[in-house]
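With mmCIF, C-alpha atoms inside, this is data.cif:
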```
data_data
#
loop_
_atom_site.group_PDB
_atom_site.id
_atom_site.type_symbol
_atom_site.label_atom_id
_atom_site.label_comp_id
_atom_site.auth_asym_id
_atom_site.auth_seq_id
_atom_site.Cartn_x
_atom_site.Cartn_y
_atom_site.Cartn_z
ATOM 1 C CA MET V 242 89.841 7.660 -17.591
ATOM 2 C CA GLN V 243 87.600 8.018 -20.653
ATOM 3 C CA THR V 244 88.947 8.487 -24.177
ATOM 4 C CA GLN V 245 88.036 12.159 -24.510
ATOM 5 C CA GLU V 246 89.519 12.891 -21.096
ATOM 6 C CA MET V 247 92.813 11.320 -22.153
ATOM 7 C CA ILE V 248 92.816 13.391 -25.323
ATOM 8 C CA GLU V 249 92.157 16.570 -23.327
ATOM 9 C CA HIS V 250 95.115 15.745 -21.054
ATOM 10 C CA LEU V 251 97.340 15.377 -24.118
ATOM 11 C CA LYS V 252 96.094 18.669 -25.532
ATOM 12 C CA GLY V 253 96.880 20.333 -22.225
ATOM 13 C CA ALA V 254 100.421 18.986 -22.405
ATOM 14 C CA GLY V 255 100.942 20.613 -25.804
ATOM 15 C CA PHE V 256 100.340 17.655 -28.108
ATOM 16 C CA GLN V 257 99.089 19.132 -31.388
ATOM 17 C CA ARG V 258 98.063 15.983 -33.280
ATOM 18 C CA THR V 259 95.042 14.824 -31.304
ATOM 19 C CA GLU V 260 92.841 14.973 -34.421
ATOM 20 C CA ASP V 261 95.207 12.468 -36.045
ATOM 21 C CA MET V 262 95.239 9.972 -33.181
ATOM 22 C CA ILE V 263 94.275 6.396 -34.050
ATOM 23 C CA HIS V 264 94.841 4.807 -30.618
ATOM 24 C CA VAL V 265 95.009 6.095 -27.047
ATOM 25 C CA PHE V 266 94.943 4.256 -23.752
ATOM 26 C CA GLN V 267 95.979 4.350 -20.118
ATOM 27 C CA GLY V 268 98.974 2.114 -19.468
ATOM 28 C CA GLY V 269 100.853 1.137 -16.336
ATOM 29 C CA SER V 270 98.938 -0.460 -13.477
ATOM 30 C CA HIS V 271 95.637 0.447 -15.141
ATOM 31 C CA GLN V 272 96.653 -1.738 -18.087
ATOM 32 C CA HIS V 273 98.222 -4.727 -16.328
ATOM 33 C CA GLY V 274 95.967 -4.576 -13.280
ATOM 34 C CA ALA V 275 98.455 -4.707 -10.404
ATOM 35 C CA ALA V 276 97.682 -1.390 -8.741
ATOM 36 C CA ILE V 277 97.679 -1.349 -4.940
ATOM 37 C CA PRO V 278 94.042 -0.959 -3.814
ATOM 38 C CA GLY V 279 93.342 2.511 -2.477
ATOM 39 C CA ALA V 280 96.729 3.906 -3.468
ATOM 40 C CA VAL V 281 97.120 6.911 -5.762
ATOM 41 C CA SER V 282 99.066 5.815 -8.836
ATOM 42 C CA ASP V 283 100.831 7.860 -11.446
ATOM 43 C CA VAL V 284 99.061 8.008 -14.814
ATOM 44 C CA ASP V 285 100.666 6.745 -18.021
ATOM 45 C CA LEU V 286 98.977 7.741 -21.263
ATOM 46 C CA PHE V 287 100.051 6.197 -24.562
ATOM 47 C CA GLY V 288 98.919 6.984 -28.071
ATOM 48 C CA ILE V 289 99.551 6.499 -31.762
ATOM 49 C CA TYR V 290 98.933 9.071 -34.451
ATOM 50 C CA ILE V 291 99.500 9.572 -38.165
ATOM 51 C CA GLU V 292 101.428 12.690 -38.980
ATOM 52 C CA PRO V 293 100.537 14.861 -42.040
ATOM 53 C CA PRO V 294 102.153 14.150 -45.438
ATOM 54 C CA THR V 295 104.524 17.115 -45.101
ATOM 55 C CA ARG V 296 105.956 15.568 -41.923
ATOM 56 C CA ALA V 297 105.987 11.960 -43.070
ATOM 57 C CA LEU V 298 107.455 12.715 -46.502
ATOM 58 C CA GLY V 299 109.272 15.994 -45.985
ATOM 59 C CA VAL V 300 112.513 16.960 -44.286
ATOM 60 C CA GLN V 301 110.927 17.865 -40.921
ATOM 61 C CA GLU V 302 110.445 14.314 -39.685
ATOM 62 C CA GLU V 303 108.332 13.475 -36.682
ATOM 63 C CA SER V 304 108.549 10.285 -34.611
ATOM 64 C CA HIS V 305 106.975 10.819 -31.186
ATOM 65 C CA PHE V 306 105.738 13.199 -28.527
ATOM 66 C CA THR V 307 106.630 13.023 -24.828
ATOM 67 C CA GLY V 308 105.300 15.075 -21.971
ATOM 68 C CA GLY V 309 104.144 14.927 -18.394
ATOM 69 C CA THR V 310 103.790 16.666 -15.090
ATOM 70 C CA GLN V 311 107.276 15.770 -13.871
ATOM 71 C CA ASP V 312 110.754 16.307 -15.309
ATOM 72 C CA GLN V 313 111.734 13.231 -17.344
ATOM 73 C CA TYR V 314 114.821 12.693 -15.187
ATOM 74 C CA GLU V 315 112.908 12.812 -11.924
ATOM 75 C CA ARG V 316 110.925 10.027 -10.304
ATOM 76 C CA ASN V 317 107.182 10.312 -10.594
ATOM 77 C CA ARG V 318 105.152 11.060 -7.494
ATOM 78 C CA PRO V 319 101.654 9.662 -6.888
ATOM 79 C CA GLY V 320 99.264 11.359 -9.284
ATOM 80 C CA ASP V 321 101.952 12.500 -11.735
ATOM 81 C CA GLU V 322 101.283 11.892 -15.409
ATOM 82 C CA ASP V 323 103.487 10.706 -18.261
ATOM 83 C CA TYR V 324 102.516 11.002 -21.920
ATOM 84 C CA LYS V 325 104.054 9.132 -24.832
ATOM 85 C CA CYS V 326 102.626 9.239 -28.351
ATOM 86 C CA TYR V 327 104.273 7.627 -31.369
ATOM 87 C CA THR V 328 103.724 8.102 -35.061
ATOM 88 C CA LEU V 329 102.366 4.920 -36.605
ATOM 89 C CA GLN V 330 105.577 4.488 -38.581
ATOM 90 C CA ARG V 331 107.729 4.752 -35.454
ATOM 91 C CA TRP V 332 105.456 2.395 -33.513
ATOM 92 C CA ALA V 333 105.558 -0.210 -36.282
ATOM 93 C CA GLY V 334 109.355 -0.122 -36.450
ATOM 94 C CA LEU V 335 109.606 -0.793 -32.709
ATOM 95 C CA ALA V 336 106.910 -3.498 -32.894
ATOM 96 C CA CYS V 337 108.899 -5.302 -35.596
ATOM 97 C CA LYS V 338 111.824 -5.441 -33.155
ATOM 98 C CA GLY V 339 109.663 -7.016 -30.442
ATOM 99 C CA ASN V 340 109.682 -4.114 -27.966
ATOM 100 C CA PRO V 341 107.484 -5.487 -25.140
ATOM 101 C CA THR V 342 105.762 -2.202 -24.289
ATOM 102 C CA ILE V 343 105.081 -1.453 -27.942
ATOM 103 C CA LEU V 344 103.647 -4.904 -28.661
ATOM 104 C CA GLY V 345 101.262 -4.375 -25.756
ATOM 105 C CA PHE V 346 99.510 -1.647 -27.776
ATOM 106 C CA LEU V 347 98.074 -4.400 -29.992
ATOM 107 C CA TYR V 348 96.357 -6.114 -27.076
ATOM 108 C CA THR V 349 94.976 -3.053 -25.284
ATOM 109 C CA PRO V 350 91.411 -2.020 -26.234
ATOM 110 C CA CYS V 351 91.110 0.927 -28.599
ATOM 111 C CA MET V 352 88.107 3.255 -28.338
ATOM 112 C CA LEU V 353 88.876 5.313 -31.458
ATOM 113 C CA SER V 354 87.493 4.437 -34.883
ATOM 114 C CA GLY V 355 89.811 4.396 -37.872
ATOM 115 C CA VAL V 356 92.751 2.556 -39.342
ATOM 116 C CA TRP V 357 94.022 1.102 -36.040
ATOM 117 C CA LEU V 358 90.926 -1.060 -35.624
ATOM 118 C CA ASP V 359 90.179 -1.464 -39.325
ATOM 119 C CA LEU V 360 93.673 -2.388 -40.479
ATOM 120 C CA ILE V 361 96.326 -2.774 -37.766
ATOM 121 C CA VAL V 362 94.352 -4.921 -35.321
ATOM 122 C CA GLN V 363 92.879 -6.944 -38.181
ATOM 123 C CA HIS V 364 96.420 -7.782 -39.343
ATOM 124 C CA LYS V 365 98.198 -7.977 -35.995
ATOM 125 C CA ASP V 366 99.587 -11.399 -36.898
ATOM 126 C CA LEU V 367 102.033 -9.595 -39.186
ATOM 127 C CA PHE V 368 103.858 -8.287 -36.108
ATOM 128 C CA LYS V 369 104.295 -11.681 -34.440
ATOM 129 C CA ALA V 370 107.667 -13.442 -34.277
ATOM 130 C CA ARG V 371 109.190 -16.183 -32.162
ATOM 131 C CA THR V 372 112.405 -14.198 -31.854
ATOM 132 C CA HIS V 373 110.576 -11.383 -30.034
ATOM 133 C CA ALA V 374 111.187 -13.425 -26.882
ATOM 134 C CA LYS V 375 114.804 -12.249 -27.034
ATOM 135 C CA ALA V 376 113.643 -8.651 -26.636
ATOM 136 C CA PHE V 377 111.534 -9.568 -23.595
ATOM 137 C CA LEU V 378 114.465 -11.438 -22.065
ATOM 138 C CA GLY V 379 116.804 -8.546 -22.795
ATOM 139 C CA TYR V 380 114.557 -6.038 -21.058
ATOM 140 C CA ALA V 381 114.169 -8.397 -18.094
ATOM 141 C CA GLN V 382 117.920 -8.896 -17.804
ATOM 142 C CA GLY V 383 118.410 -5.135 -17.868
ATOM 143 C CA GLN V 384 115.908 -4.786 -15.050
ATOM 144 C CA VAL V 385 117.782 -7.389 -13.007
ATOM 145 C CA LYS V 386 121.031 -5.472 -13.447
ATOM 146 C CA ARG V 387 119.352 -2.321 -12.156
ATOM 147 C CA LEU V 388 117.823 -4.206 -9.250
ATOM 148 C CA ASP V 389 121.152 -5.631 -8.088
ATOM 149 C CA GLY V 390 123.054 -2.415 -8.888
ATOM 150 C CA THR V 391 125.400 -3.864 -11.520
ATOM 151 C CA ALA V 392 124.076 -1.477 -14.196
ATOM 152 C CA GLY V 393 123.309 1.560 -12.072
ATOM 153 C CA LYS V 394 119.854 2.668 -11.008
ATOM 154 C CA GLY V 395 118.550 4.083 -14.288
ATOM 155 C CA LYS V 396 117.705 7.714 -15.027
ATOM 156 C CA HIS V 397 114.782 7.713 -12.597
ATOM 157 C CA GLY V 398 116.613 5.848 -9.846
ATOM 158 C CA GLN V 399 115.045 3.118 -7.747
ATOM 159 C CA ARG V 400 112.511 3.525 -4.969
ATOM 160 C CA PRO V 401 114.386 4.013 -1.655
ATOM 161 C CA GLU V 402 111.208 3.737 0.408
ATOM 162 C CA LEU V 403 110.684 0.191 -0.933
ATOM 163 C CA GLU V 404 114.350 -0.693 -0.541
ATOM 164 C CA THR V 405 114.180 0.418 3.091
ATOM 165 C CA LYS V 406 110.995 -1.507 3.779
ATOM 166 C CA PHE V 407 111.632 -4.721 1.823
ATOM 167 C CA GLY V 408 115.346 -4.687 1.034
ATOM 168 C CA TYR V 409 114.854 -4.116 -2.692
ATOM 169 C CA ASP V 410 112.607 -2.297 -5.147
ATOM 170 C CA THR V 411 109.548 -4.558 -5.157
ATOM 171 C CA LYS V 412 107.726 -2.567 -7.836
ATOM 172 C CA ALA V 413 110.625 -3.094 -10.221
ATOM 173 C CA ALA V 414 110.608 -6.774 -9.274
ATOM 174 C CA MET V 415 106.920 -6.976 -10.126
ATOM 175 C CA HIS V 416 107.564 -5.535 -13.586
ATOM 176 C CA LEU V 417 110.462 -7.928 -14.072
ATOM 177 C CA MET V 418 108.252 -10.956 -13.479
ATOM 178 C CA ARG V 419 105.381 -9.450 -15.465
ATOM 179 C CA LEU V 420 107.638 -9.160 -18.496
ATOM 180 C CA LEU V 421 108.603 -12.815 -18.261
ATOM 181 C CA PHE V 422 105.016 -13.975 -17.759
ATOM 182 C CA GLU V 423 103.989 -11.979 -20.821
ATOM 183 C CA ALA V 424 106.864 -13.416 -22.838
ATOM 184 C CA GLU V 425 105.931 -17.023 -22.075
ATOM 185 C CA GLU V 426 102.274 -16.378 -22.874
ATOM 186 C CA TYR V 427 103.171 -14.622 -26.120
ATOM 187 C CA MET V 428 105.374 -17.475 -27.275
ATOM 188 C CA LYS V 429 102.659 -20.026 -26.533
ATOM 189 C CA THR V 430 99.567 -18.190 -27.738
ATOM 190 C CA GLY V 431 100.648 -15.213 -29.822
ATOM 191 C CA GLU V 432 98.601 -12.991 -27.489
ATOM 192 C CA ILE V 433 99.161 -10.869 -24.361
ATOM 193 C CA LEU V 434 96.231 -10.600 -21.967
ATOM 194 C CA TYR V 435 95.404 -7.424 -20.033
ATOM 195 C CA PRO V 436 94.789 -7.178 -17.147
ATOM 196 C CA ARG V 437 97.378 -9.854 -16.442
ATOM 197 C CA PRO V 438 96.073 -13.288 -15.358
ATOM 198 C CA GLU V 439 98.789 -13.281 -12.646
ATOM 199 C CA ARG V 440 97.781 -9.897 -11.268
ATOM 200 C CA ASP V 441 97.191 -11.263 -7.731
ATOM 201 C CA LEU V 442 100.700 -12.711 -7.718
ATOM 202 C CA LEU V 443 102.141 -9.516 -9.194
ATOM 203 C CA LEU V 444 100.414 -7.457 -6.533
ATOM 204 C CA ALA V 445 101.801 -9.762 -3.832
ATOM 205 C CA ILE V 446 105.328 -9.347 -5.219
ATOM 206 C CA ARG V 447 104.851 -5.573 -5.271
ATOM 207 C CA GLN V 448 103.786 -5.694 -1.615
ATOM 208 C CA GLY V 449 106.897 -7.598 -0.569
ATOM 209 C CA ALA V 450 105.659 -11.228 -0.470
ATOM 210 C CA TRP V 451 108.924 -12.537 -1.969
ATOM 211 C CA THR V 452 112.342 -12.392 -0.391
ATOM 212 C CA TRP V 453 115.286 -11.297 -2.487
ATOM 213 C CA ASP V 454 116.446 -14.912 -2.802
ATOM 214 C CA LYS V 455 113.011 -16.125 -3.855
ATOM 215 C CA LEU V 456 112.769 -13.372 -6.461
ATOM 216 C CA PHE V 457 115.975 -14.479 -8.144
ATOM 217 C CA PHE V 458 115.112 -18.155 -7.905
ATOM 218 C CA GLU V 459 111.733 -17.504 -9.566
ATOM 219 C CA TYR V 460 113.328 -15.180 -12.110
ATOM 220 C CA ASN V 461 115.783 -17.873 -13.202
ATOM 221 C CA GLU V 462 113.042 -20.503 -13.384
ATOM 222 C CA GLN V 463 110.737 -18.273 -15.399
ATOM 223 C CA GLU V 464 113.557 -17.304 -17.739
ATOM 224 C CA LYS V 465 114.043 -21.015 -18.505
ATOM 225 C CA ARG V 466 110.326 -21.379 -19.217
ATOM 226 C CA VAL V 467 110.450 -18.466 -21.642
ATOM 227 C CA GLU V 468 113.434 -19.955 -23.458
ATOM 228 C CA GLN V 469 111.673 -23.325 -23.688
ATOM 229 C CA ALA V 470 108.498 -21.677 -24.963
ATOM 230 C CA MET V 471 110.532 -19.794 -27.579
ATOM 231 C CA GLY V 472 112.078 -23.043 -28.777
ATOM 232 C CA GLU V 473 108.661 -24.692 -29.070
ATOM 233 C CA SER V 474 106.751 -21.673 -30.374
ATOM 234 C CA LYS V 475 104.779 -21.923 -33.610
ATOM 235 C CA LEU V 476 105.111 -18.202 -34.273
ATOM 236 C CA PRO V 477 107.048 -17.129 -37.405
ATOM 237 C CA ASP V 478 110.791 -16.830 -36.941
ATOM 238 C CA HIS V 479 110.815 -13.218 -38.108
ATOM 239 C CA VAL V 480 108.473 -10.387 -39.042
ATOM 240 C CA ASP V 481 107.901 -9.947 -42.782
ATOM 241 C CA ARG V 482 108.892 -6.301 -43.004
ATOM 242 C CA ASP V 483 107.741 -5.927 -46.617
ATOM 243 C CA LYS V 484 104.191 -6.900 -45.633
ATOM 244 C CA VAL V 485 104.286 -4.638 -42.585
ATOM 245 C CA SER V 486 105.522 -1.753 -44.732
ATOM 246 C CA ALA V 487 102.664 -2.293 -47.188
ATOM 247 C CA LEU V 488 100.172 -2.300 -44.307
ATOM 248 C CA ILE V 489 101.553 0.898 -42.780
ATOM 249 C CA ALA V 490 101.531 2.645 -46.171
ATOM 250 C CA GLU V 491 97.887 1.611 -46.626
ATOM 251 C CA CYS V 492 97.057 3.054 -43.199
ATOM 252 C CA TYR V 493 98.729 6.370 -43.982
ATOM 253 C CA MET V 494 96.987 6.737 -47.335
ATOM 254 C CA ALA V 495 93.579 5.835 -45.892
ATOM 255 C CA HIS V 496 93.993 8.274 -42.992
ATOM 256 C CA TRP V 497 95.212 11.077 -45.227
ATOM 257 C CA TYR V 498 92.259 10.674 -47.573
ATOM 258 C CA THR V 499 89.618 10.524 -44.828
ATOM 259 C CA HIS V 500 91.135 13.498 -42.985
ATOM 260 C CA GLY V 501 91.396 15.724 -46.078
ATOM 261 C CA TYR V 502 95.159 15.901 -46.320
ATOM 262 C CA MET V 503 95.227 14.824 -49.949
ATOM 263 C CA GLU V 504 93.128 17.808 -51.105
ATOM 264 C CA ALA V 505 96.244 19.992 -51.130
ATOM 265 C CA PHE V 506 97.879 17.698 -53.688
ATOM 266 C CA ARG V 507 95.062 17.661 -56.245
#
```
Final structure tokens representation of the file:
Amino acid sequence: MQTQEMIEHLKGAGFQRTEDMIHVFQGGSHQHGAAIPGAVSDVDLFGIYIEPPTRALGVQEESHFTGGTQDQYERNRPGDEDYKCYTLQRWAGLACKGNPTILGFLYTPCMLSGVWLDLIVQHKDLFKARTHAKAFLGYAQGQVKRLDGTAGKGKHGQRPELETKFGYDTKAAMHLMRLLFEAEEYMKTGEILYPRPERDLLLAIRQGAWTWDKLFFEYNEQEKRVEQAMGESKLPDHVDRDKVSALIAECYMAHWYTHGYMEAFR
């Protein structure tokens, strides 16, 4: 899907800040590369935008936009679309906490010109931290609890057709292992590659190549590798939030000036 097409989809869903977008991309299997060949996948669109001064500084705060072709509490069907756009401020706050999905924005190509490429990507090291591995591990552990039923099935439920065929939700298992592979890579290199280097393995997992026992054996082994990589990582212990705040403020001011928002305050 091309950039303008993604923007048109967001407009159609009622998103009113497309002129203020600084990043937009197609996530999910398109991003990590483990789509089943020939299958119709759902479409995940992600974006970042900078809200106007009256929203960022006033009492009517804005943090994100969500939309899609399916009710948020229902499972997606093939071809359904999900949209999630964050304000830059909201995105940065989640990135500082090491949210795995949010950090992935930094390593996904951006086709829009502006402050994302000029400032955020140029200073992406500010968002790196060794302790982000804990967030990856936490998300993975939550996925395991949903897989084995100890924490319920989640608001969307699991995939009964996969459970019937393979004995467990193999797509969820694929995402579980993907998270851990990304975490180890991030601790060692400070980068996350897309599509994933292990995409052939991830696709095999999704298609039922691993038994339930093998999944949990490999999960435990990979979790140990992530913990070891965290202990040996040369990344900073924590994000310097003062520097990140200065960067985000610079982005907002630059965007507001170039998009004419400051004229009203002269």
Residues matched by the PyMOL selection byres ((chain V and resi 321-334) around 8) as a PDB file with C-alpha atoms, in the coordinates of the input:
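Resulting contents of expr-v1.pdb:
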```pdb
ATOM      1  CA  LEU V 251      97.340  15.377 -24.118  1.00  0.00           C
ATOM      2  CA  SER V 282      99.066   5.815  -8.836  1.00  0.00           C
ATOM      3  CA  ASP V 283     100.831   7.860 -11.446  1.00  0.00           C
ATOM      4  CA  VAL V 284      99.061   8.008 -14.814  1.00  0.00           C
ATOM      5  CA  ASP V 285     100.666   6.745 -18.021  1.00  0.00           C
ATOM      6  CA  LEU V 286      98.977   7.741 -21.263  1.00  0.00           C
ATOM      7  CA  PHE V 287     100.051   6.197 -24.562  1.00  0.00           C
ATOM      8  CA  GLY V 288      98.919   6.984 -28.071  1.00  0.00           C
ATOM      9  CA  ILE V 289      99.551   6.499 -31.762  1.00  0.00           C
ATOM     10  CA  TYR V 290      98.933   9.071 -34.451  1.00  0.00           C
ATOM     11  CA  ILE V 291      99.500   9.572 -38.165  1.00  0.00           C
ATOM     12  CA  GLU V 292     101.428  12.690 -38.980  1.00  0.00           C
ATOM     13  CA  GLU V 303     108.332  13.475 -36.682  1.00  0.00           C
ATOM     14  CA  SER V 304     108.549  10.285 -34.611  1.00  0.00           C
ATOM     15  CA  HIS V 305     106.975  10.819 -31.186  1.00  0.00           C
ATOM     16  CA  PHE V 306     105.738  13.199 -28.527  1.00  0.00           C
ATOM     17  CA  THR V 307     106.630  13.023 -24.828  1.00  0.00           C
ATOM     18  CA  GLY V 308     105.300  15.075 -21.971  1.00  0.00           C
ATOM     19  CA  GLY V 309     104.144  14.927 -18.394  1.00  0.00           C
ATOM     20  CA  THR V 310     103.790  16.666 -15.090  1.00  0.00           C
ATOM     21  CA  GLN V 311     107.276  15.770 -13.871  1.00  0.00           C
ATOM     22  CA  ASN V 317     107.182  10.312 -10.594  1.00  0.00           C
ATOM     23  CA  ARG V 318     105.152  11.060  -7.494  1.00  0.00           C
ATOM     24  CA  PRO V 319     101.654   9.662  -6.888  1.00  0.00           C
ATOM     25  CA  GLY V 320      99.264  11.359  -9.284  1.00  0.00           C
ATOM     26  CA  LEU V 335     109.606  -0.793 -32.709  1.00  0.00           C
ATOM     27  CA  ALA V 336     106.910  -3.498 -32.894  1.00  0.00           C
ATOM     28  CA  CYS V 337     108.899  -5.302 -35.596  1.00  0.00           C
ATOM     29  CA  LYS V 338     111.824  -5.441 -33.155  1.00  0.00           C
ATOM     30  CA  ILE V 343     105.081  -1.453 -27.942  1.00  0.00           C
ATOM     31  CA  VAL V 485     104.286  -4.638 -42.585  1.00  0.00           C
ATOM     32  CA  ILE V 489     101.553   0.898 -42.780  1.00  0.00           C
TER      33      ILE V 489
END
```
### Task
Would you please work out which residue, of V:Asp359, V:Glu404, V:Glu425, V:Glu439, is nearest to V:Glu468 when using all atoms listed in the file?
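Nearest to V:Glu468: V:Glu425.
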Just need the box for stretch 438-444 of chain V, edges along x, y and z, holding every atom the file lists for it with 3 Å tacked onto each side, so centre and edge lengths in Å to one decimal, as AutoDock Vina command-line options.
```
--center_x 99.1 --center_y -10.4 --center_z -10.9 --size_x 12.1 --size_y 11.8 --size_z 14.8
```
### Query
If you measure from atom CA of V:Asp481 to atom CA of V:Asp366, what distance in Å do you get, rounded to one decimal?
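Atom-to-atom, atom CA of V:Asp481 to atom CA of V:Asp366, that is 10.3 Å.
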If the PyMOL selection byres ((chain V and resi 459-463) around 10) were run on this exact file, what residues would it hold? Put them as a compact mmCIF listing (two decimals) with C-alpha atoms, keeping the file's coordinate frame.
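Writing the result to selection_31.txt gives the following:
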```txt
# COMPACT_ATOMS: atom_id res chain seq x y z
CA ALA V 381 114.17 -8.40 -18.09
CA GLN V 382 117.92 -8.90 -17.80
CA VAL V 385 117.78 -7.39 -13.01
CA ALA V 414 110.61 -6.77 -9.27
CA LEU V 417 110.46 -7.93 -14.07
CA MET V 418 108.25 -10.96 -13.48
CA LEU V 421 108.60 -12.82 -18.26
CA PHE V 422 105.02 -13.98 -17.76
CA ALA V 424 106.86 -13.42 -22.84
CA GLU V 425 105.93 -17.02 -22.08
CA TRP V 451 108.92 -12.54 -1.97
CA ASP V 454 116.45 -14.91 -2.80
CA LYS V 455 113.01 -16.12 -3.86
CA LEU V 456 112.77 -13.37 -6.46
CA PHE V 457 115.98 -14.48 -8.14
CA PHE V 458 115.11 -18.16 -7.90
CA GLU V 464 113.56 -17.30 -17.74
CA LYS V 465 114.04 -21.02 -18.50
CA ARG V 466 110.33 -21.38 -19.22
CA VAL V 467 110.45 -18.47 -21.64
CA GLU V 468 113.43 -19.95 -23.46
CA GLN V 469 111.67 -23.32 -23.69
```
### Task
Would you work out the distance separating atom CA of V:Phe368 from atom CA of V:Leu353, expressed in Å to one decimal?
20.8 Å
### Nearest to V:Lys412 by atom-to-atom distance, counting only C-alpha atoms, from V:Thr391, V:Ser270, V:Ser474, V:Asn340
V:Ser270
### Message
So, with only C-alpha atoms as the atoms that count, which of V:Ala374, V:Ala487, V:Cys492, V:Ala280 lies closest to V:Ile361?
### Response
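For V:Ile361, the nearest of the given residues is V:Cys492.
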### Task
May I have the residues within 12 Å of V:His496 as an MDAnalysis selection string, using only C-alpha atoms and disregarding those fewer than 5 positions away in the same chain?
chainID V and resid 260:263 290:294 329 354:357 359:360 489:491 501:503
Atoms kept (C-alpha atoms) for selection, written as an mmCIF file, keeping the file's coordinate frame:
```cif
data_model
loop_
_atom_site.group_PDB
_atom_site.id
_atom_site.type_symbol
_atom_site.label_atom_id
_atom_site.label_comp_id
_atom_site.auth_asym_id
_atom_site.auth_seq_id
_atom_site.Cartn_x
_atom_site.Cartn_y
_atom_site.Cartn_z
ATOM 1 C CA GLU V 260 92.841 14.973 -34.421
ATOM 2 C CA ASP V 261 95.207 12.468 -36.045
ATOM 3 C CA MET V 262 95.239 9.972 -33.181
ATOM 4 C CA ILE V 263 94.275 6.396 -34.050
ATOM 5 C CA TYR V 290 98.933 9.071 -34.451
ATOM 6 C CA ILE V 291 99.500 9.572 -38.165
ATOM 7 C CA GLU V 292 101.428 12.690 -38.980
ATOM 8 C CA PRO V 293 100.537 14.861 -42.040
ATOM 9 C CA PRO V 294 102.153 14.150 -45.438
ATOM 10 C CA LEU V 329 102.366 4.920 -36.605
ATOM 11 C CA SER V 354 87.493 4.437 -34.883
ATOM 12 C CA GLY V 355 89.811 4.396 -37.872
ATOM 13 C CA VAL V 356 92.751 2.556 -39.342
ATOM 14 C CA TRP V 357 94.022 1.102 -36.040
ATOM 15 C CA ASP V 359 90.179 -1.464 -39.325
ATOM 16 C CA LEU V 360 93.673 -2.388 -40.479
ATOM 17 C CA ILE V 489 101.553 0.898 -42.780
ATOM 18 C CA ALA V 490 101.531 2.645 -46.171
ATOM 19 C CA GLU V 491 97.887 1.611 -46.626
ATOM 20 C CA GLY V 501 91.396 15.724 -46.078
ATOM 21 C CA TYR V 502 95.159 15.901 -46.320
ATOM 22 C CA MET V 503 95.227 14.824 -49.949
#
```
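For the pair atom CA of V:Leu488 and atom CA of V:Lys475, the separation is 22.8 Å.
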### Task
Step by step: start from the point (93.0, -8.0, -22.8) in the file's coordinates, keep every protein, DNA or RNA residue that has an atom no farther than 9 Å from it, count all atoms listed in the file, and write the set as a list in words.
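So the residues meeting the distance criterion are Gln272, His273, Tyr348, Thr349, Pro350, Glu432, Ile433, Leu434, Tyr435, Pro436 and Arg437 of chain V.
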#### Entry: Closest of V:Thr295, V:Glu249, V:Leu367, V:Gly339 to V:Arg482 - atom-to-atom distances counting all atoms listed in the file
V:Leu367
### Query
Pick from V:Arg419, V:Lys252, V:Lys484, V:Arg440: nearest to V:Phe377, with only C-alpha atoms counted?
V:Arg419
### Nearest candidate to V:Gly269 (options V:Ala470, V:Gly345, V:Phe506, V:Gln363; using all atoms listed in the file)
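Of the candidates, the smallest distance to V:Gly269 is held by V:Gly345.
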### Message
If we count all atoms listed in the file and set the cut-off at 9 Å, which residues sit around V:Gln384, ignoring sequence neighbours fewer than 4 positions away in its own chain? Please answer as a VMD selection string.
### Response
chain V and resid 379 to 380 388 to 389 392 413 to 414 416 to 417
### Message
Could you list, as a count of residues only, every residue within 8 Å of stretch 408-410 of chain V, counting only C-alpha atoms and ignoring same-chain residues fewer than 6 positions away?
### Response
5
Completion of stretch 452-461 of chain V up to N, CA and C atoms, as a JSON list (two decimals), in the frame of the given file:
```
[["chain", "number", "residue", "atom", "x", "y", "z"],
["V", 452, "THR", "N", 111.01, -12.81, -0.82],
["V", 452, "THR", "CA", 112.34, -12.39, -0.39],
["V", 452, "THR", "C", 113.21, -12.16, -1.62],
["V", 453, "TRP", "N", 114.33, -11.52, -1.39],
["V", 453, "TRP", "CA", 115.29, -11.30, -2.49],
["V", 453, "TRP", "C", 115.71, -12.62, -3.10],
["V", 454, "ASP", "N", 116.01, -13.61, -2.28],
["V", 454, "ASP", "CA", 116.45, -14.91, -2.80],
["V", 454, "ASP", "C", 115.34, -15.59, -3.61],
["V", 455, "LYS", "N", 114.12, -15.50, -3.13],
["V", 455, "LYS", "CA", 113.01, -16.12, -3.86],
["V", 455, "LYS", "C", 112.80, -15.43, -5.19],
["V", 456, "LEU", "N", 112.92, -14.11, -5.21],
["V", 456, "LEU", "CA", 112.77, -13.37, -6.46],
["V", 456, "LEU", "C", 113.73, -13.91, -7.51],
["V", 457, "PHE", "N", 115.01, -14.06, -7.14],
["V", 457, "PHE", "CA", 115.98, -14.48, -8.14],
["V", 457, "PHE", "C", 115.86, -15.95, -8.50],
["V", 458, "PHE", "N", 115.39, -16.76, -7.57],
["V", 458, "PHE", "CA", 115.11, -18.16, -7.90],
["V", 458, "PHE", "C", 113.97, -18.22, -8.92],
["V", 459, "GLU", "N", 112.88, -17.49, -8.66],
["V", 459, "GLU", "CA", 111.73, -17.50, -9.57],
["V", 459, "GLU", "C", 112.07, -16.85, -10.91],
["V", 460, "TYR", "N", 112.89, -15.81, -10.86],
["V", 460, "TYR", "CA", 113.33, -15.18, -12.11],
["V", 460, "TYR", "C", 114.06, -16.18, -12.99],
["V", 461, "ASN", "N", 115.02, -16.90, -12.41],
["V", 461, "ASN", "CA", 115.78, -17.87, -13.20],
["V", 461, "ASN", "C", 114.90, -18.99, -13.74]]
```
